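Down below is the structure, laid out as structure tokens.
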Amino acid sequence: MSLDLFAEQDLQQPARVERIGDQAYVLRGFALPALTQLLAALDGVLRQSPLRQMQTPGGFTMSARLSSCGDLGWASDRDGYRYSPVDPLSAQPWPALPAAFLTLARTAAEAAGFNGFVPDACLINSYAPGAKMSLHQDKNERSFTAPIVSISLGLPATFQFGGFQRSAPTQRISLFHGDIVVWGGVDRLRYHGVLPIKPGHHSLLGEQRINITLRQAG
Ligand code: MD6
Ligand code: FE
């Protein structure tokens, strides 16, 4: 009985595509085949540029802890949000974008209809239970022609996918370990966010959700 259930789950997981907008998709389980390489690469990046809490320009502390890799990473403080080639913690360049991240992001973008995605920025967020991300637009990138590719690992989350104004109604989408969300084109500037993560324990990542987002920022 349980063997049958597992077999069925394995068969269902790869490439189940859910459309959440004209040019926005959830690719269920899309990261799972590359998981081992992905986690090893993540480990390497976080050893070089550890997760840290950041201040918002409004003086709040973000509840998710953040790091970056690639040519450009995220820096946020009382002076504003910006992409920077240097990790403010080490005053060194961010770690290089691992090949495993790049390949998976390109493949996911293609599966969602965006060919030729070449990300130069990758943000890594760790959400402990209770941490959230308020509704926002990803609009600090130089151009909006490339999509956002967002990989979910660890504890599940409720992702909010809204409209073009903060007050517009939102879809609520459960995201699980291995799911990838891709949004671009006409949906590129939609408001989105993450509701507070529920307490729990993930067998590989412990008491956290990791989100890896790849963008073309420069
Ligand atoms: C998510 N993350 O965690 C969605 N945006 O599923 C984001 O929207 C996001 O993690 C900008 C910067 C970091 C993020
Ligand atoms: Fe975002």
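Numbering starts fresh at 1 for the residues of each chain in the structure tokens, the chains themselves are lettered A, B, ... in the order given, and ligands are numbered from 1 as they appear.
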
Using only C-alpha atoms and all ligand atoms, which residues have at least one atom no more than 10 Å from ligand 2? Output them as an MDAnalysis selection string. chainID A and resid 123 133:139 148:150 189:194 213

Backbone DSSP call of strand (DSSP E or B) for region 39-89 of chain A, listed as a ChimeraX atom specification: /A:52,55,61,65-70,72-77,80-84,86-87

Show me, as a PyMOL selection string, the residues that have an atom within 10 Å of region 63-67 of chain A when counting only C-alpha atoms, minus same-chain residues fewer than 4 positions from it. chain A and resi 45-46+48-55+73-75+87+89+94-95+122-134+196+208-212

Distance of CA of Phe114 (chain A) from CA of Thr145 (chain A), expressed in Å to one decimal place: 9.7 Å

Mind checking DSSP for region 17-196 of chain A and telling me the helix (DSSP H, G or I) residues as a VMD selection string? chain A and resid 32 to 48 99 to 111 185 to 187

Selected residues written out, C-alpha atoms, as a tab-separated table (two decimals), in the first residue's frame:
```
chain	number	residue	atom	x	y	z
A	32	LEU	CA	13.95	17.86	-7.11
A	33	PRO	CA	16.06	16.07	-9.75
A	34	ALA	CA	18.88	18.61	-9.15
A	35	LEU	CA	18.47	18.70	-5.39
A	36	THR	CA	21.80	17.19	-4.33
A	37	GLN	CA	23.84	19.57	-6.48
A	38	LEU	CA	21.61	22.47	-5.46
A	39	LEU	CA	22.07	21.91	-1.71
A	40	ALA	CA	25.84	21.42	-2.07
A	41	ALA	CA	26.08	24.67	-4.05
A	42	LEU	CA	23.90	26.49	-1.52
A	43	ASP	CA	26.17	25.32	1.29
A	44	GLY	CA	29.23	26.67	-0.53
A	45	VAL	CA	27.63	30.06	-1.14
A	46	LEU	CA	26.45	30.45	2.46
A	47	ARG	CA	29.86	29.52	3.85
A	48	GLN	CA	31.33	32.41	1.85
A	99	ALA	CA	26.45	26.20	-12.25
A	100	ALA	CA	23.69	24.14	-10.59
A	101	PHE	CA	21.68	27.33	-9.92
A	102	LEU	CA	22.27	28.69	-13.42
A	103	THR	CA	21.30	25.49	-15.23
A	104	LEU	CA	18.17	24.94	-13.15
A	105	ALA	CA	17.06	28.56	-13.56
A	106	ARG	CA	17.55	28.47	-17.34
A	107	THR	CA	15.64	25.19	-17.64
A	108	ALA	CA	12.80	26.45	-15.45
A	109	ALA	CA	12.57	29.71	-17.40
A	110	GLU	CA	12.40	27.75	-20.66
A	111	ALA	CA	9.70	25.47	-19.28
A	185	GLY	CA	6.37	39.26	-19.36
A	186	VAL	CA	3.02	40.85	-18.60
A	187	ASP	CA	3.12	39.42	-15.06
```

Could you state the separation of CA of Ala121 (chain A) and CA of Pro156 (chain A) in Å, given to one decimal place? 23.9 Å

Using only C-alpha atoms and all ligand atoms, pick whichever of A:Ala157, A:Leu72, A:Ala168, A:Ile20 has the shortest atom-to-atom distance to ligand 1.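 Selected residue with least distance to ligand 1: A:Ala157.
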
Calculated over only C-alpha atoms and all ligand atoms, which of the candidates A:Glu18, A:Glu141, A:Asp77, A:Asp71 has the smallest distance to ligand 1?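 Of the candidates, the smallest distance to ligand 1 is held by A:Glu141.
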
State, in Å with one decimal place, the distance from CA of Arg172 (chain A) to atom 13 (C, counted along the ligand's line) of ligand 1. 17.7 Å

As a list in words, please: the residues near region 180-182 of chain A (cut-off 7 Å, only C-alpha atoms, same-chain neighbours under 3 positions excluded).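 Selected residues are Ala24, Tyr25, Val26, Leu27, Arg28, Phe30, Ala31, Ala109, Ala112, Pro147, Ile148, Val149, Ser150, Ile151 and Ser152 of chain A.
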
For ligand 1, which of A:Gly178, A:Gly206, A:Pro88, A:Pro98 is the closest residue, counting only C-alpha atoms and all ligand atoms? A:Gly178
